[in-house]
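Enquirer: One file is attached below, protein_8.cif, containing mmCIF, C-alpha atoms and all ligand atoms.
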```
data_protein
loop_
_atom_site.label_atom_id
_atom_site.label_comp_id
_atom_site.auth_asym_id
_atom_site.auth_seq_id
_atom_site.Cartn_x
_atom_site.Cartn_y
_atom_site.Cartn_z
CA MET A 1 -37.44 49.40 -116.31
CA ALA A 2 -36.05 47.43 -119.18
CA SER A 3 -38.36 44.90 -120.70
CA MET A 4 -37.67 41.28 -120.11
CA ASN A 5 -37.08 39.71 -123.47
CA ILE A 6 -36.28 36.35 -122.04
CA ARG A 7 -38.71 34.02 -120.39
CA SER A 8 -38.38 30.71 -118.69
CA GLY A 9 -38.41 27.91 -121.22
CA ASP A 10 -36.42 29.92 -123.73
CA THR A 11 -33.13 28.73 -125.09
CA VAL A 12 -30.40 31.30 -124.69
CA GLU A 13 -26.80 31.66 -125.74
CA VAL A 14 -24.05 33.18 -123.64
CA ILE A 15 -22.65 36.17 -125.51
CA VAL A 16 -19.87 37.16 -123.15
CA GLY A 17 -16.95 35.50 -121.44
CA GLY A 18 -14.07 33.29 -122.42
CA ALA A 19 -13.91 30.39 -124.80
CA GLU A 20 -15.38 27.99 -122.30
CA THR A 21 -18.55 29.96 -121.75
CA ARG A 22 -19.17 32.09 -124.79
CA GLY A 23 -21.49 30.48 -127.28
CA LYS A 24 -22.85 27.95 -124.86
CA ARG A 25 -26.54 27.39 -124.94
CA GLY A 26 -29.09 26.22 -122.46
CA LYS A 27 -32.66 26.40 -121.41
CA VAL A 28 -33.81 29.13 -119.08
CA ILE A 29 -35.19 27.68 -115.88
CA VAL A 30 -35.75 30.82 -113.84
CA VAL A 31 -36.09 34.49 -114.73
CA ASN A 32 -35.76 37.01 -111.95
CA PRO A 33 -36.92 40.44 -113.14
CA GLU A 34 -35.82 42.11 -109.92
CA THR A 35 -32.20 41.10 -110.08
CA HIS A 36 -32.14 40.94 -113.89
CA ARG A 37 -30.73 37.49 -113.71
CA VAL A 38 -31.58 34.20 -115.27
CA VAL A 39 -30.78 30.65 -114.32
CA VAL A 40 -29.87 28.57 -117.32
CA GLU A 41 -29.83 24.80 -117.29
CA GLY A 42 -26.29 23.44 -117.38
CA LEU A 43 -24.64 26.85 -117.51
CA ASN A 44 -22.47 28.61 -114.96
CA LEU A 45 -22.42 25.56 -112.78
CA VAL A 46 -21.19 25.71 -109.27
CA THR A 47 -20.52 22.67 -107.15
CA LYS A 48 -22.30 22.70 -103.87
CA HIS A 49 -21.61 20.49 -100.96
CA LYS A 50 -24.73 19.64 -99.16
CA LYS A 51 -25.21 18.11 -95.79
CA PRO A 52 -28.25 15.99 -95.17
CA ARG A 53 -30.60 17.86 -92.89
CA SER A 54 -33.22 15.18 -92.63
CA ALA A 55 -33.61 11.50 -93.27
CA GLN A 56 -35.14 12.24 -96.65
CA GLU A 57 -32.29 14.43 -97.83
CA GLN A 58 -29.11 13.08 -99.26
CA GLY A 59 -25.80 14.71 -98.70
CA GLY A 60 -23.10 15.02 -101.27
CA LYS A 61 -21.90 17.18 -104.11
CA PHE A 62 -24.35 18.87 -106.41
CA GLU A 63 -23.78 20.85 -109.53
CA GLN A 64 -26.13 23.73 -109.59
CA PRO A 65 -26.53 26.49 -112.17
CA ARG A 66 -25.82 29.93 -110.79
CA PRO A 67 -27.82 32.93 -111.97
CA ILE A 68 -26.22 34.99 -114.70
CA ASP A 69 -27.01 38.53 -115.72
CA ILE A 70 -29.66 38.70 -118.39
CA SER A 71 -27.50 41.05 -120.46
CA ASN A 72 -24.94 38.28 -120.80
CA VAL A 73 -27.25 36.05 -122.77
CA ALA A 74 -29.13 36.36 -126.03
CA LEU A 75 -32.27 34.60 -126.99
CA VAL A 76 -31.86 31.76 -129.46
CA CYS A 77 -34.57 31.83 -132.07
CA PRO A 78 -36.33 28.46 -132.19
CA LYS A 79 -36.94 28.94 -135.89
CA CYS A 80 -33.60 29.99 -137.33
CA GLY A 81 -31.43 28.84 -134.45
CA GLN A 82 -29.46 32.06 -134.22
CA ALA A 83 -28.80 34.14 -131.15
CA THR A 84 -30.84 37.21 -131.82
CA ARG A 85 -32.27 40.45 -130.55
CA VAL A 86 -35.95 40.40 -129.84
CA ASN A 87 -38.46 42.57 -131.60
CA HIS A 88 -41.83 43.28 -130.11
CA VAL A 89 -44.65 43.28 -132.58
CA LEU A 90 -48.32 43.85 -132.05
CA GLY A 91 -50.20 40.60 -132.35
CA ASP A 92 -53.73 39.92 -133.50
CA ASN A 93 -55.05 40.00 -129.96
CA GLY A 94 -53.66 43.48 -129.34
CA LYS A 95 -50.84 42.19 -127.18
CA TYR A 96 -47.20 42.56 -127.97
CA ILE A 97 -45.51 39.37 -128.94
CA ARG A 98 -41.84 38.65 -129.39
CA SER A 99 -40.35 38.07 -132.78
CA CYS A 100 -36.91 37.18 -134.06
CA HIS A 101 -34.87 40.17 -135.23
CA LYS A 102 -33.15 38.01 -137.83
CA CYS A 103 -35.84 35.87 -139.43
CA GLY A 104 -38.99 37.54 -138.16
CA ALA A 105 -40.46 34.39 -136.66
CA VAL A 106 -42.81 34.83 -133.77
CA ILE A 107 -41.26 33.56 -130.57
CA ASP A 108 -43.60 32.45 -127.87
CA ALA A 109 -42.24 30.18 -125.19
CA ARG A 110 -45.70 28.95 -124.31
CA ALA A 111 -46.25 27.75 -127.84
CA GLU A 112 -43.14 25.60 -127.79
CA LYS A 113 -44.29 22.21 -126.81
CA LYS A 114 -42.34 20.17 -129.27
CA GLN A 115 -41.37 16.72 -128.15
CA THR A 116 -37.65 16.26 -128.34
CA LYS A 117 -36.06 13.12 -129.64
CA ALA A 118 -34.57 12.51 -126.23
CA ALA A 119 -37.99 12.52 -124.63
CA LYS A 120 -39.27 10.07 -127.19
CA SER A 121 -36.47 7.58 -126.65
CA LYS A 122 -37.22 7.57 -122.94
CA ASN A 123 -40.62 6.15 -123.68
CA PRO A 124 -41.07 3.08 -121.52
CA ALA A 125 -41.76 -0.09 -123.44
CA PRO A 126 -45.50 -0.57 -123.51
CA ARG A 127 -45.43 -4.30 -124.16
CA LYS A 128 -44.76 -6.67 -121.33
CA ARG A 129 -44.15 -9.76 -123.38
CA LYS A 130 -41.02 -8.37 -124.95
CA ALA A 131 -38.04 -9.65 -123.02
CA LYS A 132 -35.52 -7.11 -121.85
CA THR A 133 -32.21 -7.56 -123.55
CA ASP A 134 -30.27 -4.55 -122.40
CA GLU A 135 -29.49 -3.46 -118.88
CA GLU A 136 -30.36 0.17 -119.37
ZN ZN A 201 -35.08 33.62 -136.23
#
```
Show the structure stored in the file as structure tokens.
Ligand SMILES: [Zn+2]

Expert:
Amino acid sequence: MASMNIRSGDTVEVIVGGAETRGKRGKVIVVNPETHRVVVEGLNLVTKHKKPRSAQEQGGKFEQPRPIDISNVALVCPKCGQATRVNHVLGDNGKYIRSCHKCGAVIDARAEKKQTKAAKSKNPAPRKRKAKTDEE
């Protein structure tokens, strides 16, 4: 069995396909080792029409990412930002850890907890006395 170099939370780049798919990047939401497929946020979208099955559910059109074969994507190194092969190196704790083939940086999805700028801007205003000026 081939090792799974890609984990959920990783950013990957599509390395196959036509101009509209190749080079696109997204975050891995699901990794399925059995089917060797990954679901990547915003990639390989398929529109689904959904009927409401209960009062809580809403019907309508949904864009949903479809699983793509893991061999069609390459891991994007969080350090150097390049799509890269993954090396496995022995870490201090005796476990193999992933590292970037290009820059040698250690890649560990669990260690990536950086706050993005987008998340920061969503911060709700903590002060009540400030009047709202914009609609958004
Ligand atoms: Zn790198």

Enquirer: Which residues come within 12 Å of stretch 43-58 of chain A, counting all atoms listed in the file, excluding same-chain residues fewer than 2 positions away, as a PyMOL selection string?

Expert: chain A and resi 11-14+17+20-29+38-41+60-69+72-73

Enquirer: Which residues sit within 7 Å of ligand ZN 201 (chain A), counting all atoms listed in the file, listed as a ChimeraX atom specification?

Expert: /A:77-82,100-105

Enquirer: Would you please work out which residue, of A:Val31, A:Ile6, A:Ala19, A:Ile70, is nearest to A:Asn87 when using only C-alpha atoms?

Expert: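 Ranking A:Val31, A:Ile6, A:Ala19, A:Ile70 by distance to A:Asn87, first place goes to A:Ile6.
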
Enquirer: Could you work out how far atom CA of A:Ile107 lies from atom CA of A:Leu90, giving the answer in Å with one decimal?

Expert: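 So the answer is 12.6 Å.
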
Enquirer: Quote the spacing between atom CA of A:Leu75 and atom CA of A:Thr35 in Å to one decimal place.

Expert: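 That distance, rounded to one decimal, is 18.1 Å.
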
Enquirer: Rounded to one decimal place, report the atom CA of A:Ala74-atom CA of A:Val86 distance in Å.

Expert: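 Between these atoms lies a distance of 8.8 Å.
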
Enquirer: Provide stretch 15-30 of chain A of the preceding structure as a file containing all heavy atoms, as a tab-separated table (two decimals), in the first residue's frame.

Expert:
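Final output, saved to part.tsv:
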```tsv
chain	number	residue	atom	x	y	z
A	15	ILE	N	-2.21	18.81	-10.34
A	15	ILE	CA	-1.06	18.73	-11.24
A	15	ILE	C	-1.42	18.09	-12.57
A	15	ILE	O	-0.56	17.82	-13.40
A	15	ILE	CB	0.11	17.95	-10.58
A	15	ILE	CG1	-0.38	16.60	-10.04
A	15	ILE	CG2	0.72	18.77	-9.46
A	15	ILE	CD1	0.74	15.71	-9.54
A	16	VAL	N	-2.68	17.81	-12.77
A	16	VAL	CA	-3.12	17.27	-14.05
A	16	VAL	C	-4.29	18.09	-14.57
A	16	VAL	O	-4.81	18.95	-13.88
A	16	VAL	CB	-3.55	15.79	-13.93
A	16	VAL	CG1	-2.40	14.91	-13.53
A	16	VAL	CG2	-4.71	15.66	-12.96
A	17	GLY	N	-4.70	17.78	-15.79
A	17	GLY	CA	-5.90	18.38	-16.33
A	17	GLY	C	-5.64	19.58	-17.21
A	17	GLY	O	-4.50	19.96	-17.46
A	18	GLY	N	-6.72	20.18	-17.66
A	18	GLY	CA	-6.64	21.30	-18.58
A	18	GLY	C	-6.34	22.60	-17.86
A	18	GLY	O	-6.11	22.62	-16.65
A	19	ALA	N	-6.38	23.66	-18.62
A	19	ALA	CA	-6.00	24.97	-18.09
A	19	ALA	C	-6.89	25.40	-16.94
A	19	ALA	O	-6.46	26.13	-16.05
A	19	ALA	CB	-6.06	26.02	-19.20
A	20	GLU	N	-8.13	24.94	-16.95
A	20	GLU	CA	-9.03	25.43	-15.91
A	20	GLU	C	-8.90	24.67	-14.59
A	20	GLU	O	-9.44	25.10	-13.59
A	20	GLU	CB	-10.50	25.39	-16.40
A	20	GLU	CG	-11.08	24.01	-16.52
A	20	GLU	CD	-10.89	23.43	-17.92
A	20	GLU	OE1	-9.97	23.87	-18.65
A	20	GLU	OE2	-11.68	22.56	-18.26
A	21	THR	N	-8.18	23.57	-14.61
A	21	THR	CA	-8.00	22.85	-13.34
A	21	THR	C	-6.54	22.79	-12.90
A	21	THR	O	-6.25	22.90	-11.72
A	21	THR	CB	-8.53	21.40	-13.46
A	21	THR	OG1	-7.90	20.78	-14.57
A	21	THR	CG2	-10.02	21.37	-13.59
A	22	ARG	N	-5.65	22.63	-13.84
A	22	ARG	CA	-4.25	22.48	-13.47
A	22	ARG	C	-3.73	23.74	-12.76
A	22	ARG	O	-3.99	24.86	-13.19
A	22	ARG	CB	-3.40	22.23	-14.72
A	22	ARG	CG	-1.97	21.88	-14.41
A	22	ARG	CD	-1.14	21.96	-15.65
A	22	ARG	NE	-1.49	20.91	-16.59
A	22	ARG	CZ	-0.72	19.84	-16.82
A	22	ARG	NH1	0.41	19.72	-16.21
A	22	ARG	NH2	-1.09	18.93	-17.66
A	23	GLY	N	-3.04	23.51	-11.67
A	23	GLY	CA	-2.47	24.63	-10.94
A	23	GLY	C	-3.38	25.22	-9.89
A	23	GLY	O	-2.97	26.08	-9.13
A	24	LYS	N	-4.61	24.74	-9.86
A	24	LYS	CA	-5.51	25.25	-8.83
A	24	LYS	C	-5.16	24.65	-7.48
A	24	LYS	O	-4.74	23.51	-7.37
A	24	LYS	CB	-6.96	24.90	-9.19
A	24	LYS	CG	-7.54	25.84	-10.19
A	24	LYS	CD	-9.06	25.86	-10.11
A	24	LYS	CE	-9.61	26.94	-11.01
A	24	LYS	NZ	-11.05	26.78	-11.23
A	25	ARG	N	-5.39	25.46	-6.48
A	25	ARG	CA	-5.05	25.01	-5.14
A	25	ARG	C	-6.26	25.06	-4.22
A	25	ARG	O	-7.17	25.84	-4.42
A	25	ARG	CB	-3.95	25.89	-4.55
A	25	ARG	CG	-2.65	25.73	-5.29
A	25	ARG	CD	-1.57	26.60	-4.70
A	25	ARG	NE	-0.30	26.34	-5.37
A	25	ARG	CZ	0.85	26.83	-4.97
A	25	ARG	NH1	0.90	27.60	-3.91
A	25	ARG	NH2	1.96	26.53	-5.60
A	26	GLY	N	-6.20	24.21	-3.22
A	26	GLY	CA	-7.28	24.22	-2.24
A	26	GLY	C	-6.88	23.42	-1.02
A	26	GLY	O	-5.84	22.76	-1.00
A	27	LYS	N	-7.73	23.51	-0.05
A	27	LYS	CA	-7.45	22.82	1.21
A	27	LYS	C	-8.14	21.47	1.22
A	27	LYS	O	-9.31	21.35	0.85
A	27	LYS	CB	-7.96	23.68	2.36
A	27	LYS	CG	-7.54	23.20	3.72
A	27	LYS	CD	-8.01	24.21	4.75
A	27	LYS	CE	-8.01	23.57	6.12
A	27	LYS	NZ	-8.68	24.44	7.09
A	28	VAL	N	-7.40	20.46	1.66
A	28	VAL	CA	-7.95	19.12	1.72
A	28	VAL	C	-8.93	19.01	2.88
A	28	VAL	O	-8.59	19.32	4.02
A	28	VAL	CB	-6.82	18.08	1.87
A	28	VAL	CG1	-7.40	16.68	2.06
A	28	VAL	CG2	-5.90	18.11	0.67
A	29	ILE	N	-10.14	18.59	2.55
A	29	ILE	CA	-11.15	18.43	3.60
A	29	ILE	C	-11.21	16.99	4.07
A	29	ILE	O	-11.32	16.71	5.24
A	29	ILE	CB	-12.54	18.85	3.08
A	29	ILE	CG1	-12.48	20.21	2.39
A	29	ILE	CG2	-13.54	18.88	4.22
A	29	ILE	CD1	-13.73	20.50	1.58
A	30	VAL	N	-11.16	16.06	3.10
A	30	VAL	CA	-11.30	14.65	3.42
A	30	VAL	C	-10.23	13.86	2.69
A	30	VAL	O	-9.95	14.13	1.52
A	30	VAL	CB	-12.70	14.12	3.00
A	30	VAL	CG1	-12.81	12.63	3.26
A	30	VAL	CG2	-13.80	14.88	3.73
```
